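S.K.: query13.cif (mmCIF, C-alpha atoms) pasted underneath:
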data_start
loop_
_atom_site.group_PDB
_atom_site.id
_atom_site.type_symbol
_atom_site.label_atom_id
_atom_site.label_comp_id
_atom_site.auth_asym_id
_atom_site.auth_seq_id
_atom_site.Cartn_x
_atom_site.Cartn_y
_atom_site.Cartn_z
ATOM 1 C CA MET C 16 7.585 -16.519 -20.755
ATOM 2 C CA LEU C 17 6.841 -15.044 -17.364
ATOM 3 C CA LYS C 18 4.094 -16.994 -15.603
ATOM 4 C CA ILE C 19 1.649 -15.142 -13.362
ATOM 5 C CA VAL C 20 -0.725 -17.128 -11.185
ATOM 6 C CA PHE C 21 -3.695 -15.053 -10.045
ATOM 7 C CA HIS C 22 -5.449 -15.778 -6.749
ATOM 8 C CA PRO C 23 -8.481 -14.080 -5.210
ATOM 9 C CA ASP C 24 -7.757 -12.733 -1.739
ATOM 10 C CA CYS C 25 -10.785 -14.595 -0.370
ATOM 11 C CA ASP C 26 -13.899 -16.415 -1.532
ATOM 12 C CA GLN C 27 -15.986 -13.347 -2.398
ATOM 13 C CA PRO C 28 -17.650 -13.837 -5.810
ATOM 14 C CA ALA C 29 -16.556 -10.384 -7.033
ATOM 15 C CA LEU C 30 -12.917 -11.257 -6.347
ATOM 16 C CA ALA C 31 -13.250 -14.599 -8.123
ATOM 17 C CA GLU C 32 -14.741 -12.851 -11.146
ATOM 18 C CA ALA C 33 -12.017 -10.180 -11.176
ATOM 19 C CA THR C 34 -9.383 -12.908 -10.875
ATOM 20 C CA LYS C 35 -10.801 -14.590 -13.993
ATOM 21 C CA THR C 36 -10.617 -11.276 -15.837
ATOM 22 C CA TYR C 37 -6.956 -10.771 -14.886
ATOM 23 C CA GLN C 38 -6.226 -14.370 -15.966
ATOM 24 C CA GLN C 39 -7.891 -13.728 -19.330
ATOM 25 C CA ILE C 40 -5.960 -10.487 -19.776
ATOM 26 C CA TRP C 41 -2.670 -12.262 -19.053
ATOM 27 C CA ARG C 42 -3.464 -15.248 -21.302
ATOM 28 C CA ALA C 43 -4.353 -12.913 -24.174
ATOM 29 C CA ASN C 44 -1.545 -10.374 -23.664
ATOM 30 C CA GLY C 45 1.158 -11.787 -21.385
ATOM 31 C CA GLN C 46 3.651 -12.801 -24.029
ATOM 32 C CA ASN C 47 3.159 -9.528 -25.877
ATOM 33 C CA ILE C 48 3.458 -7.491 -22.655
ATOM 34 C CA THR C 49 6.752 -9.093 -21.671
ATOM 35 C CA GLU C 50 8.156 -8.709 -25.181
ATOM 36 C CA ILE C 51 7.143 -5.048 -25.453
ATOM 37 C CA MET C 52 8.579 -4.364 -21.997
ATOM 38 C CA ARG C 53 11.841 -6.069 -23.016
ATOM 39 C CA ARG C 54 12.095 -4.060 -26.244
ATOM 40 C CA THR C 55 11.162 -0.776 -24.553
ATOM 41 C CA SER C 56 13.380 -1.155 -21.478
ATOM 42 C CA GLY C 57 16.176 -3.409 -22.726
ATOM 43 C CA LEU C 58 15.547 -5.533 -19.613
ATOM 44 C CA THR C 59 14.141 -8.982 -18.959
ATOM 45 C CA PHE C 60 12.279 -10.311 -15.977
ATOM 46 C CA VAL C 61 14.483 -11.943 -13.378
ATOM 47 C CA GLU C 62 11.508 -13.878 -12.011
ATOM 48 C CA LYS C 63 9.989 -16.706 -14.001
ATOM 49 C CA LYS C 64 6.813 -17.053 -11.893
ATOM 50 C CA ILE C 65 4.872 -14.486 -9.862
ATOM 51 C CA ASN C 66 1.825 -15.005 -7.675
ATOM 52 C CA ALA C 67 -0.711 -12.188 -7.840
ATOM 53 C CA ILE C 68 -3.409 -11.474 -5.295
ATOM 54 C CA VAL C 69 -6.629 -9.907 -6.546
ATOM 55 C CA PHE C 70 -8.227 -7.864 -3.785
ATOM 56 C CA GLU C 71 -10.049 -4.621 -3.140
ATOM 57 C CA GLY C 72 -7.418 -2.046 -2.275
ATOM 58 C CA VAL C 73 -4.525 -0.055 -3.699
ATOM 59 C CA SER C 74 -2.540 -2.099 -6.220
ATOM 60 C CA HIS C 75 1.163 -2.608 -5.583
ATOM 61 C CA SER C 76 4.060 -4.589 -6.960
ATOM 62 C CA TYR C 77 5.517 -6.392 -3.904
ATOM 63 C CA PRO C 78 3.685 -8.653 -3.367
ATOM 64 C CA LEU C 79 1.895 -8.278 -6.684
ATOM 65 C CA SER C 80 -1.581 -7.187 -5.612
ATOM 66 C CA LEU C 81 -4.184 -5.961 -8.064
ATOM 67 C CA ARG C 82 -7.407 -4.049 -7.460
ATOM 68 C CA ALA C 83 -10.484 -6.094 -8.303
ATOM 69 C CA SER C 84 -12.964 -3.329 -9.120
ATOM 70 C CA TYR C 85 -11.132 -1.688 -12.023
ATOM 71 C CA GLU C 86 -12.641 -1.812 -15.492
ATOM 72 C CA PRO C 87 -10.845 -4.163 -17.943
ATOM 73 C CA ASP C 88 -8.697 -1.392 -19.516
ATOM 74 C CA GLU C 89 -7.565 -0.250 -16.068
ATOM 75 C CA LYS C 90 -6.860 -3.860 -15.080
ATOM 76 C CA LEU C 91 -4.576 -4.223 -18.108
ATOM 77 C CA ALA C 92 -2.909 -0.859 -17.495
ATOM 78 C CA THR C 93 -2.437 -1.537 -13.779
ATOM 79 C CA LEU C 94 -0.963 -4.985 -14.382
ATOM 80 C CA VAL C 95 1.587 -3.461 -16.774
ATOM 81 C CA HIS C 96 2.280 -0.595 -14.328
ATOM 82 C CA GLU C 97 3.032 -2.987 -11.457
ATOM 83 C CA LEU C 98 5.123 -5.233 -13.696
ATOM 84 C CA CYS C 99 7.201 -2.191 -14.692
ATOM 85 C CA HIS C 100 7.977 -1.643 -11.007
ATOM 86 C CA ARG C 101 9.039 -5.278 -10.628
ATOM 87 C CA LEU C 102 11.139 -5.195 -13.802
ATOM 88 C CA ALA C 103 12.999 -2.045 -12.753
ATOM 89 C CA PHE C 104 13.506 -3.163 -9.153
ATOM 90 C CA ALA C 105 14.726 -6.671 -10.004
ATOM 91 C CA ASN C 106 17.180 -5.247 -12.540
ATOM 92 C CA ARG C 107 18.396 -2.639 -10.035
ATOM 93 C CA VAL C 108 17.463 0.367 -12.164
ATOM 94 C CA ARG C 109 18.295 3.538 -10.241
ATOM 95 C CA VAL C 110 15.675 6.194 -9.558
ATOM 96 C CA PRO C 111 16.048 9.656 -11.124
ATOM 97 C CA GLU C 112 18.405 12.118 -9.424
ATOM 98 C CA ASN C 113 17.181 14.533 -6.750
ATOM 99 C CA SER C 114 14.364 12.228 -5.723
ATOM 100 C CA GLU C 115 13.345 12.952 -2.140
ATOM 101 C CA ASN C 116 10.021 11.074 -2.175
ATOM 102 C CA SER C 117 10.585 7.391 -2.945
ATOM 103 C CA SER C 118 7.084 6.848 -4.355
ATOM 104 C CA LEU C 119 7.437 9.841 -6.656
ATOM 105 C CA ALA C 120 10.932 8.716 -7.644
ATOM 106 C CA THR C 121 9.898 5.174 -8.551
ATOM 107 C CA HIS C 122 6.958 6.468 -10.556
ATOM 108 C CA LYS C 123 9.179 8.897 -12.454
ATOM 109 C CA GLN C 124 11.471 5.944 -13.128
ATOM 110 C CA ILE C 125 8.820 3.590 -14.542
ATOM 111 C CA ASN C 126 6.945 6.345 -16.377
ATOM 112 C CA LEU C 127 10.005 6.746 -18.588
ATOM 113 C CA ILE C 128 8.966 3.433 -20.191
ATOM 114 C CA LEU C 129 5.352 2.826 -19.126
ATOM 115 C CA TYR C 130 3.700 5.247 -21.553
ATOM 116 C CA ASP C 131 5.541 3.707 -24.500
ATOM 117 C CA VAL C 132 4.724 0.172 -23.350
ATOM 118 C CA TRP C 133 1.026 1.061 -23.170
ATOM 119 C CA ALA C 134 1.096 2.840 -26.541
ATOM 120 C CA THR C 135 2.784 -0.125 -28.216
ATOM 121 C CA LEU C 136 0.579 -2.696 -26.494
ATOM 122 C CA GLU C 137 -2.686 -0.922 -27.330
ATOM 123 C CA ASP C 138 -2.360 2.511 -28.943
ATOM 124 C CA GLU C 139 -1.584 6.152 -28.199
ATOM 125 C CA ASN C 140 -5.172 6.913 -27.152
ATOM 126 C CA PHE C 141 -5.110 4.066 -24.623
ATOM 127 C CA ALA C 142 -1.843 5.396 -23.185
ATOM 128 C CA LYS C 143 -3.207 8.946 -22.946
ATOM 129 C CA ARG C 144 -6.397 7.716 -21.212
ATOM 130 C CA GLN C 145 -4.392 5.718 -18.696
ATOM 131 C CA VAL C 146 -2.187 8.714 -17.920
ATOM 132 C CA GLU C 147 -5.363 10.705 -17.211
ATOM 133 C CA VAL C 148 -6.768 7.902 -15.029
ATOM 134 C CA GLU C 149 -3.561 7.560 -13.021
ATOM 135 C CA SER C 150 -3.051 11.320 -12.737
ATOM 136 C CA ALA C 151 -6.498 11.652 -11.169
ATOM 137 C CA ARG C 152 -5.700 9.017 -8.514
ATOM 138 C CA MET C 153 -2.866 10.764 -6.692
ATOM 139 C CA ASN C 154 -0.858 13.976 -6.988
ATOM 140 C CA ILE C 155 2.353 11.925 -7.008
ATOM 141 C CA TYR C 156 1.186 10.108 -10.133
ATOM 142 C CA LYS C 157 0.302 13.383 -11.848
ATOM 143 C CA GLU C 158 3.666 14.900 -10.955
ATOM 144 C CA ALA C 159 5.520 11.821 -12.195
ATOM 145 C CA TRP C 160 3.559 11.797 -15.453
ATOM 146 C CA ASP C 161 4.068 15.516 -16.031
ATOM 147 C CA TRP C 162 7.798 15.009 -15.499
ATOM 148 C CA ALA C 163 8.160 11.945 -17.749
ATOM 149 C CA LEU C 164 5.964 13.257 -20.550
ATOM 150 C CA GLY C 165 7.917 16.506 -20.554
ATOM 151 C CA PHE C 166 10.504 14.511 -22.524
ATOM 152 C CA SER C 167 10.229 13.146 -26.040
ATOM 153 C CA LYS C 168 10.059 9.374 -26.537
ATOM 154 C CA GLU C 169 13.753 9.343 -27.421
ATOM 155 C CA GLU C 170 14.653 11.440 -24.367
ATOM 156 C CA ARG C 171 12.627 9.097 -22.126
ATOM 157 C CA GLN C 172 14.503 6.138 -23.563
ATOM 158 C CA GLN C 173 17.864 7.855 -23.035
ATOM 159 C CA ARG C 174 16.999 8.816 -19.458
ATOM 160 C CA PHE C 175 15.851 5.286 -18.629
ATOM 161 C CA GLU C 176 19.014 3.877 -20.194
ATOM 162 C CA SER C 177 21.126 6.214 -18.028
ATOM 163 C CA LEU C 178 19.473 4.813 -14.874
ATOM 164 C CA LYS C 179 20.491 1.234 -15.597
ATOM 165 C CA ILE C 180 23.364 -0.211 -13.610
ATOM 166 C CA ASN C 181 25.769 -1.798 -16.056
#
Could you spell out this file's structure in structure tokens?
M.R.:
Amino acid sequence: MLKIVFHPDCDQPALAEATKTYQQIWRANGQNITEIMRRTSGLTFVEKKINAIVFEGVSHSYPLSLRASYEPDEKLATLVHELCHRLAFANRVRVPENSENSSLATHKQINLILYDVWATLEDENFAKRQVEVESARMNIYKEAWDWALGFSKEERQQRFESLKIN
């Protein structure tokens, strides 16, 4: 199983507490997350161990950095979101055609699988809530979600499959 080691960015108590929450989320769900991501994407993690920094800022995948102040559901959703980026990048999954904005392109790419990972991990309502949360954060996220969810589950799977480099 993929091992993630969570570290607070500094010694602030709020970061230490958030780090514990991320650790608990991973302990409770990590094996299930990686298995659902494998089944949904057909890909496995290249990395066996990842260090994650818990801080107060915008989450991102390289290096894995996770926002401390999110509520537990958003922590879970964000961890899965960033892991989808890492999974696609490490496996050299192409971005969708006609993608001029790299951030938009990579979010279109992962959103082809992310919704279904969330829905399988939790449920459809969780996935819908997280789409709403992400869509409210940035216009790029909303555009990427509108694009990906314009396809059926089967169409999303087919599109993601077509982006893989064989």
S.K.: Using only C-alpha atoms, what table do you get, as a Markdown table, when you list each residue of segment 104-152 of chain C with an atom no more than 12 Å from segment 48-57 of chain C, its nearest pair of atoms, and their distance in Å rounded to one decimal, rows by chain then rising number?
M.R.:
| residue | atom | partner | partner_atom | distance |
| --- | --- | --- | --- | --- |
| C:Asn106 | CA | C:Gly57 | CA | 10.4 |
| C:Val108 | CA | C:Ser56 | CA | 10.3 |
| C:Gln124 | CA | C:Ser56 | CA | 11.1 |
| C:Ile125 | CA | C:Ser56 | CA | 9.6 |
| C:Asn126 | CA | C:Ser56 | CA | 11.1 |
| C:Leu127 | CA | C:Ser56 | CA | 9.1 |
| C:Ile128 | CA | C:Thr55 | CA | 6.4 |
| C:Leu129 | CA | C:Met52 | CA | 8.4 |
| C:Tyr130 | CA | C:Thr55 | CA | 10.0 |
| C:Asp131 | CA | C:Thr55 | CA | 7.2 |
| C:Val132 | CA | C:Met52 | CA | 6.1 |
| C:Trp133 | CA | C:Ile48 | CA | 8.9 |
| C:Ala134 | CA | C:Ile51 | CA | 10.0 |
| C:Thr135 | CA | C:Ile51 | CA | 7.1 |
| C:Leu136 | CA | C:Ile48 | CA | 6.8 |
| C:Glu137 | CA | C:Ile48 | CA | 10.1 |
S.K.: Find, counting only C-alpha atoms, the residue in C:Ala33, C:Leu164, C:Ile19, C:Val148 that gets nearest to Pro87 of chain C.
M.R.: C:Ala33
S.K.: From the options C:Glu62, C:Asp88, C:Asp24, C:Glu176, which residue's atoms come nearest to Val110 of chain C, counting all atoms listed in the file?
M.R.: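 Of C:Glu62, C:Asp88, C:Asp24, C:Glu176, the one nearest Val110 of chain C, counting all atoms listed in the file, is C:Glu176.
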S.K.: Report as a ChimeraX atom specification the residues that result from applying the PyMOL selection byres ((chain C and resi 146) around 12) to the structure here.
M.R.: /C:89,92-93,96,122,126,129-131,133-134,139-145,147-153,156-161,163-164
S.K.: Evaluated on this file, the PyMOL selection byres ((chain C and resi 22) around 9) picks out some residues - which ones are they, written as a PyMOL selection string?
M.R.: chain C and resi 20-21+23-25+30-31+34+66-70
S.K.: Could you save those same residues with C-alpha atoms as a PDB file, in the coordinates of the input?
M.R.:
ATOM      1  CA  VAL C  20      -0.725 -17.128 -11.185  1.00  0.00           C
ATOM      2  CA  PHE C  21      -3.695 -15.053 -10.045  1.00  0.00           C
ATOM      3  CA  PRO C  23      -8.481 -14.080  -5.210  1.00  0.00           C
ATOM      4  CA  ASP C  24      -7.757 -12.733  -1.739  1.00  0.00           C
ATOM      5  CA  CYS C  25     -10.785 -14.595  -0.370  1.00  0.00           C
ATOM      6  CA  LEU C  30     -12.917 -11.257  -6.347  1.00  0.00           C
ATOM      7  CA  ALA C  31     -13.250 -14.599  -8.123  1.00  0.00           C
ATOM      8  CA  THR C  34      -9.383 -12.908 -10.875  1.00  0.00           C
ATOM      9  CA  ASN C  66       1.825 -15.005  -7.675  1.00  0.00           C
ATOM     10  CA  ALA C  67      -0.711 -12.188  -7.840  1.00  0.00           C
ATOM     11  CA  ILE C  68      -3.409 -11.474  -5.295  1.00  0.00           C
ATOM     12  CA  VAL C  69      -6.629  -9.907  -6.546  1.00  0.00           C
ATOM     13  CA  PHE C  70      -8.227  -7.864  -3.785  1.00  0.00           C
TER      14      PHE C  70
END
S.K.: Exactly which residues make up the result of the PyMOL selection byres ((chain C and resi 105) around 10) on this file, given as a PDB file with C-alpha atoms, in the coordinates of the input?
M.R.:
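Writing the result to part_22.pdb gives the following:
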ATOM      1  CA  LEU C  58      15.547  -5.533 -19.613  1.00  0.00           C
ATOM      2  CA  THR C  59      14.141  -8.982 -18.959  1.00  0.00           C
ATOM      3  CA  PHE C  60      12.279 -10.311 -15.977  1.00  0.00           C
ATOM      4  CA  VAL C  61      14.483 -11.943 -13.378  1.00  0.00           C
ATOM      5  CA  GLU C  62      11.508 -13.878 -12.011  1.00  0.00           C
ATOM      6  CA  CYS C  99       7.201  -2.191 -14.692  1.00  0.00           C
ATOM      7  CA  HIS C 100       7.977  -1.643 -11.007  1.00  0.00           C
ATOM      8  CA  ARG C 101       9.039  -5.278 -10.628  1.00  0.00           C
ATOM      9  CA  LEU C 102      11.139  -5.195 -13.802  1.00  0.00           C
ATOM     10  CA  ALA C 103      12.999  -2.045 -12.753  1.00  0.00           C
ATOM     11  CA  PHE C 104      13.506  -3.163  -9.153  1.00  0.00           C
ATOM     12  CA  ASN C 106      17.180  -5.247 -12.540  1.00  0.00           C
ATOM     13  CA  ARG C 107      18.396  -2.639 -10.035  1.00  0.00           C
ATOM     14  CA  VAL C 108      17.463   0.367 -12.164  1.00  0.00           C
TER      15      VAL C 108
END
S.K.: Pick out the closest residue to Pro28 of chain C from this set: C:Ala83, C:Leu98, C:Pro78, C:Lys179. Count all atoms listed in the file.
M.R.: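 Under the stated criterion, the closest residue is C:Ala83.
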S.K.: With only C-alpha atoms as the atoms that count, which of C:Asn154, C:Leu79, C:Lys123, C:Trp41 lies nearest to Phe166 of chain C?
M.R.: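 Going through C:Asn154, C:Leu79, C:Lys123, C:Trp41 one by one, the smallest distance to Phe166 of chain C is for C:Lys123.
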S.K.: For the atom pair atom CA of Ser118 of chain C and atom CA of Glu97 of chain C, what is the interatomic distance in Å to one decimal place?
M.R.: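 Rounded to one decimal, the two atoms are 12.8 Å apart.
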S.K.: Work out where the centre of an axis-aligned box around every listed atom of segment 57-65 of chain C lies and how long its edges are once 8 Å is added on each side; give both in Å to one decimal as AutoDock Vina command-line options.
M.R.:
--center_x 10.5 --center_y -10.2 --center_z -16.3 --size_x 27.3 --size_y 29.6 --size_z 28.9
S.K.: Counting only C-alpha atoms, which of C:Ser177, C:Gln172, C:Ser80, C:Gln27 gets nearest to Pro111 of chain C?
M.R.: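 Answer, going by the shortest atom-to-atom distance: C:Ser177.
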S.K.: Which value, in Å to one decimal, gives the distance between atom CA of Lys18 of chain C and atom CA of Tyr85 of chain C?
M.R.: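 Here the two named atoms are 21.9 Å from each other.
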S.K.: Tell me which of C:Ile65, C:Met16, C:Val73, C:Leu119 sits closest to Asn44 of chain C, counting all atoms listed in the file.
M.R.: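 Under the stated criterion, the closest residue is C:Met16.
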